[in-house]
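**Q** Sharing a structure below in structure tokens format, with a few things to ask.
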Amino acid sequence: MGNGYVVPAIVVVTLVTVGIGFYGLRLARTTSDFLVASRAVSPTWNAAAIGGEYLSAASFLGVAGLILKYGVDVLWYPVGFAAGYLALLLFVAAPLRRSGAFTLPDFCEVRLGSRRLRKLATVFVIFIGWLYLVPQLQGAGLTMATVAGSPYPVGALLVAVVVTTNVALGGMRAITFVQAFQYWLKLTALAVPAIFLALQWQADARPAVTPPDGPAFRTATTVVVEHRATLTFPDGDVREVRPGDRVEFAAGDPVPEVAGGTATGAADWLLPDTAGDDDRGLFATYSLILATFLGTMGLPHVLVRFYTNPDGAAARRTTLVVLALVGVFYLLPTIYGVLGRIYTPQLLVTGQTDAVVVLLPGAVLGGGPTGRLLAALVAAGAFAAFLSTSSGLLTSVAGVISTDVFGRGSVRGFRLATVIAGGVPAVLALNVSGLDVSQVVGLAFAVAASSFCPLLVLGIWWRGLTDLGAAAGVLVGGGAAVGAVLLTVLGPPLSGWPATLTTQPAAWTVPLAFTVMVAVSMATRRRLPADVGVTMLRLHAPETLRL
């Protein structure tokens with residue numbers, strides 16, 4: 001791109017992140033500091049930190065890219081991502097904090113007294129954490145390649161090294177300050193350019209987002225194809241293109257239709273997808289809503305932050321503030337996706353729609369100082385998204401490896417676990433670069449919704465849950481979701497109902513998990529913990545009773 005401001009902006013964000021991490025290191029001394037910041041984080045600080053780690057590459061890049069590509073169908077992603085905190089507020093936040101647990105496996109043992117269930121929960125925490133980490137590193141590689149022209153591995157490895165160093169040195173205490181700072185940086189990095197973009201759109205006489213003939217190229221454009229695709233032109237001509245092919249378009253030429261579901265027509269982009277006459281589109285939509293709404297309460301890196309609150313009331317206040325912060329943020333990626341239809345239609349051909357956020361300021365405002373500065377600000381915000389979310393994920397995975405795999409729970413064990421927890425997804429990210437960021441994150445939500453969501457809801461609100469019931473539900477529901485994820489990412493291309501059931505599995509895996517947990521628990525009532533009444537009282541009684 002030739003933007004000399006981008007690399008300095010990313011360097012500044014990286015150095016500030018490391019500097020704040022070293023400041024937090026001065027306050028991190030005990031194992032409790034590393035795992036849960038000694039349970040002394042105020043609701044306001046914690047809410048900003050949760051916003052920082054939750055608003056990931058899927059939020060910063062992926063949502064805008066999906067809106068550009070598919071239209072209104074995918075607005076359920078930001079709605080579900082934000083609304084998930086409402087479910088967390090209503091059902092989980094305060095009781096989870098009152099449990100006194102450090103991690104999700106801790107909660108399993110506190111509530112059901114089963115070491116085997118604890119080990120099973122450990123496996124799922126690690127899988128979900130790594131599945132969520134890979135798209136963060138993938139997004140970093142994409143951003144650096146797009147805005148700085150560096151090879152894809154550079155951005156992925158840079159984020160992996162910086163985050164691993166920060167977490168290993170300061171743990172939860174250090175990254176709380178880092179993530180709170182990065183939330184406000186990400187909000188600024190999207191909000192300020194969005195104002196300039198909207199003003200320029202107004203100055204351009206407000207070109208239609210969905211013209212009757214579909215999106216068109218505003219200027220003469222040469223598209224370099226990066227993935228094999230089939231293009232269908234308005235005159236009916238069909239052309240197969242391969243990586244490296246160059247396709248020339250004159251100003252005013254319509255964007256060809258790309259095989260694979262890209263919505264180029266106005267009606268396709270504006271109206272919900274029906275996917276034929278068999279309700280597959282409706283099923284996929286409900287499945288997505290279920291995954292995002294219930295998956296939030298099962299994400300280990302989100303839940304671990306509620307262990308850092310002083311008490312249950314503070315956990316509820318934290319969640320309420322998070323709802324406001326996240327809701328404001330999600331208004332912005334939608335603007336970028338909509339304007340991308342007008343100013344960056346070439347991304348519909350190249351398939352690199354996740355890059356719309358970082359390319360849009362330059363495309364709208366040109367190569368002048370304003371456009372270049374705003375592009376650098378967006379790139380810095382994107383990098384902050386990768387760093388903050390990766391920090392939270394790495395802390396939750398490292399904490400579980402340290403306490404449940406190594407069995408030490410020491411500062412030294414936590415640091416070794418951090419290196420391992422950061423190394424595996426880095427290797428995976430280097431070998432997986434062509435997946436939609438938001439879709440991979442959506443699959444992580446589906447696994448969380450099908451495993452930990454039923455475990456937490458029933459464990460907190462139903463005294464009849466047994467260890468065998470919980471384990472069976474996690475294995476069947478969570479295992480089915482994991483199978484769908486592996487088939488989607490590694491398996492052959494599918495079509496029809498098999499494709500819908502595997503790419504959006506939550507609508508059948510979540511009810512399956514709840515059903516199995518309840519049925520097996522009722523069949524094994526004799527395995528109810530003897531102290532279940534005391535445990536349930538501790539989860540729901542106000543802290544003022546000091547039980």
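Residues in the structure tokens are numbered from 1 in each chain, the chains being A, B, ... in the order shown, and ligands are numbered from 1 in the order shown.
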Can you pull out every residue within 10 Å of Tyr336 of chain A, counting only C-alpha atoms, but drop anything in the same chain fewer than 3 positions away, and send it as an MDAnalysis selection string?

**A** chainID A and resid 61 63:65 67:68 190 193:194 197:198 331:333 339:341 356:361

**Q** Segment 319-428 of chain A near segment 77-93 of chain A within 10 Å: what's each residue's closest atom pair and its distance in Å to one decimal, counting only C-alpha atoms, ordered by chain then ascending residue number, as JSON lines?

**A**
{"residue": "A:Thr319", "atom": "CA", "partner": "A:Leu89", "partner_atom": "CA", "distance": 5.8}
{"residue": "A:Leu320", "atom": "CA", "partner": "A:Leu89", "partner_atom": "CA", "distance": 7.2}
{"residue": "A:Val321", "atom": "CA", "partner": "A:Tyr85", "partner_atom": "CA", "distance": 10.0}
{"residue": "A:Val322", "atom": "CA", "partner": "A:Tyr85", "partner_atom": "CA", "distance": 7.5}
{"residue": "A:Leu323", "atom": "CA", "partner": "A:Tyr85", "partner_atom": "CA", "distance": 6.2}
{"residue": "A:Ala324", "atom": "CA", "partner": "A:Ala82", "partner_atom": "CA", "distance": 8.9}
{"residue": "A:Leu325", "atom": "CA", "partner": "A:Ala82", "partner_atom": "CA", "distance": 9.2}
{"residue": "A:Val326", "atom": "CA", "partner": "A:Ala82", "partner_atom": "CA", "distance": 5.9}
{"residue": "A:Gly327", "atom": "CA", "partner": "A:Ala82", "partner_atom": "CA", "distance": 5.9}
{"residue": "A:Val328", "atom": "CA", "partner": "A:Ala82", "partner_atom": "CA", "distance": 9.5}
{"residue": "A:Phe329", "atom": "CA", "partner": "A:Pro78", "partner_atom": "CA", "distance": 9.4}
{"residue": "A:Tyr330", "atom": "CA", "partner": "A:Pro78", "partner_atom": "CA", "distance": 5.9}
{"residue": "A:Leu331", "atom": "CA", "partner": "A:Pro78", "partner_atom": "CA", "distance": 8.4}
{"residue": "A:Pro333", "atom": "CA", "partner": "A:Pro78", "partner_atom": "CA", "distance": 8.8}
{"residue": "A:Thr334", "atom": "CA", "partner": "A:Pro78", "partner_atom": "CA", "distance": 8.7}

**Q** Selection from above, C-alpha atoms, as a compact mmCIF listing (two decimals), in the first residue's frame, can you write it?

**A**
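See selection_20.txt below for the written result:
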# COMPACT_ATOMS: atom_id res chain seq x y z
CA THR A 319 -21.65 -7.38 33.10
CA LEU A 320 -24.05 -4.44 32.86
CA VAL A 321 -21.23 -2.05 31.89
CA VAL A 322 -19.88 -4.60 29.38
CA LEU A 323 -23.30 -4.72 27.66
CA ALA A 324 -23.13 -0.96 27.09
CA LEU A 325 -19.49 -0.95 25.91
CA VAL A 326 -19.92 -3.88 23.53
CA GLY A 327 -23.23 -2.60 22.17
CA VAL A 328 -21.69 0.76 21.23
CA PHE A 329 -18.73 -0.90 19.55
CA TYR A 330 -20.80 -3.19 17.33
CA LEU A 331 -22.52 -0.26 15.63
CA PRO A 333 -18.22 -2.59 11.91
CA THR A 334 -21.64 -2.51 10.24

**Q** For atom CA of Phe452 of chain A and atom CA of Arg115 of chain A, determine how far apart the two atoms are, in Å to one decimal place.

**A**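 Computing it gives 16.3 Å between the two atoms.
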
**Q** When you look at segment 106-110 of chain A with a cut-off of 10 Å (counting only C-alpha atoms), what residues show up, excluding the ones that are within fewer than 3 positions of it in the same chain? I need them as a ChimeraX atom specification.

**A** /A:96-97,99-103,113-122,400,403-404,452,455-456,459,467,470-471,532,535

**Q** So that I can check the surroundings of segment 278-295 of chain A, please list as JSON, numbers by chain every protein, DNA and RNA residue that reaches within 10 Å of it, counting only C-alpha atoms and ignoring chain neighbours fewer than 6 positions away.

**A** {"A": [73, 74, 76, 77, 78, 79, 80, 81, 82, 83, 84, 85, 86, 87, 88, 272, 441, 442, 443, 444, 445, 446, 447, 448, 449, 450, 451, 452, 453, 454, 496, 497, 499, 500, 501, 502, 503, 504, 505, 506, 507, 508, 509, 510]}

**Q** Counting only C-alpha atoms, which residue out of A:Thr44, A:Leu137, A:Phe177, A:Ala160 sits closest to Tyr23 of chain A?

**A**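 Closest to Tyr23 of chain A, using only C-alpha atoms: A:Phe177.
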
**Q** Neighbouring residues of Thr466 of chain A were defined as those with any atom within 12 Å, considering only C-alpha atoms; residues of the same chain fewer than 6 positions away were excluded. Please report them as a PyMOL selection string.

**A** chain A and resi 108-109+111-114+117+455+458-459+472-473+516-530+532

**Q** Of the residues A:Tyr343, A:Phe124, A:Phe233, A:Phe217, which is the one nearest to Gly252 of chain A, using only C-alpha atoms?

**A**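 Closest to Gly252 of chain A, using only C-alpha atoms: A:Phe217.
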
**Q** Nearest residue to Val440 of chain A out of A:Val485, A:Glu240, A:Pro153, A:Gly367, using only C-alpha atoms?

**A** A:Val485

**Q** Select, from A:Leu270, A:Val364, A:Ala49, A:Ala250, the residue with the minimum atom-to-atom distance to Pro212 of chain A, counting only C-alpha atoms.

**A** A:Leu270

**Q** List as a PDB file with C-alpha atoms, in the first residue's frame the protein and nucleic acid residues near segment 302-306 of chain A, meaning an atom at most 10 Å away when only C-alpha atoms are counted, but skip any in the same chain fewer than 5 places from it.

**A**
ATOM      1  CA  LEU A  35      -4.667 -16.383  37.731  1.00  0.00           C
ATOM      2  CA  VAL A  36      -7.354 -13.940  38.943  1.00  0.00           C
ATOM      3  CA  ALA A  37      -5.564 -10.657  39.807  1.00  0.00           C
ATOM      4  CA  ARG A  39      -9.907 -10.868  42.973  1.00  0.00           C
ATOM      5  CA  VAL A  41     -10.468  -5.646  40.020  1.00  0.00           C
ATOM      6  CA  PRO A  43     -16.303  -3.335  37.932  1.00  0.00           C
ATOM      7  CA  ASN A  46     -13.001  -5.179  34.610  1.00  0.00           C
ATOM      8  CA  ALA A  47     -15.721  -4.163  32.140  1.00  0.00           C
ATOM      9  CA  ALA A  49     -10.835  -5.247  30.158  1.00  0.00           C
ATOM     10  CA  ILE A  50     -13.615  -7.689  29.181  1.00  0.00           C
ATOM     11  CA  GLY A  51     -14.555  -5.412  26.276  1.00  0.00           C
ATOM     12  CA  GLU A  53     -10.486  -9.115  25.202  1.00  0.00           C
ATOM     13  CA  TYR A  54     -13.973  -9.977  23.875  1.00  0.00           C
ATOM     14  CA  TYR A  85     -23.799 -10.852  27.951  1.00  0.00           C
ATOM     15  CA  LEU A  88     -24.445 -14.150  31.256  1.00  0.00           C
ATOM     16  CA  VAL A  92     -24.190 -17.026  35.507  1.00  0.00           C
ATOM     17  CA  ALA A  93     -22.168 -13.948  36.539  1.00  0.00           C
ATOM     18  CA  ALA A  94     -22.865 -13.605  40.277  1.00  0.00           C
ATOM     19  CA  LEU A  96     -20.031 -18.160  39.349  1.00  0.00           C
ATOM     20  CA  ARG A  97     -18.088 -15.546  41.297  1.00  0.00           C
ATOM     21  CA  ARG A  98     -19.562 -16.773  44.598  1.00  0.00           C
ATOM     22  CA  ALA A 101     -13.389 -21.127  41.748  1.00  0.00           C
ATOM     23  CA  PHE A 102     -10.314 -19.981  39.824  1.00  0.00           C
ATOM     24  CA  THR A 103     -11.133 -21.734  36.526  1.00  0.00           C
ATOM     25  CA  LEU A 104     -13.989 -23.623  34.857  1.00  0.00           C
ATOM     26  CA  MET A 172      -3.992 -11.652  34.809  1.00  0.00           C
ATOM     27  CA  THR A 176      -6.129  -6.333  32.934  1.00  0.00           C
ATOM     28  CA  THR A 296     -20.637 -16.294  25.515  1.00  0.00           C
ATOM     29  CA  MET A 297     -21.360 -17.830  28.912  1.00  0.00           C
ATOM     30  CA  ASP A 311     -17.929 -10.319  44.937  1.00  0.00           C
ATOM     31  CA  GLY A 312     -21.096 -11.358  43.081  1.00  0.00           C
ATOM     32  CA  ALA A 314     -19.507  -6.487  41.438  1.00  0.00           C
ATOM     33  CA  ALA A 315     -19.714  -9.271  38.832  1.00  0.00           C
ATOM     34  CA  ARG A 316     -23.262  -8.194  37.940  1.00  0.00           C
ATOM     35  CA  THR A 318     -19.354  -5.498  35.489  1.00  0.00           C
ATOM     36  CA  THR A 319     -21.652  -7.376  33.104  1.00  0.00           C
ATOM     37  CA  THR A 389      -8.164 -11.099  22.820  1.00  0.00           C
ATOM     38  CA  GLY A 392      -7.260 -13.258  27.568  1.00  0.00           C
ATOM     39  CA  LEU A 393      -7.410 -16.569  25.735  1.00  0.00           C
ATOM     40  CA  THR A 395      -4.315 -16.553  30.241  1.00  0.00           C
ATOM     41  CA  SER A 396      -7.341 -18.858  30.553  1.00  0.00           C
ATOM     42  CA  GLY A 399      -4.159 -21.204  33.905  1.00  0.00           C
TER      43      GLY A 399
END

**Q** At a cut-off of 10 Å, using only C-alpha atoms, what residues contact His227 of chain A? Leave out same-chain residues fewer than 4 positions from it and give the result as a VMD selection string.

**A** chain A and resid 241 to 245 349 to 352 434

**Q** Figure out the distance between atom CA of Leu133 of chain A and atom CA of Leu158 of chain A, please, to one decimal in Å.

**A**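 Value for the atom CA of Leu158 of chain A-atom CA of Leu133 of chain A distance: 13.7 Å.
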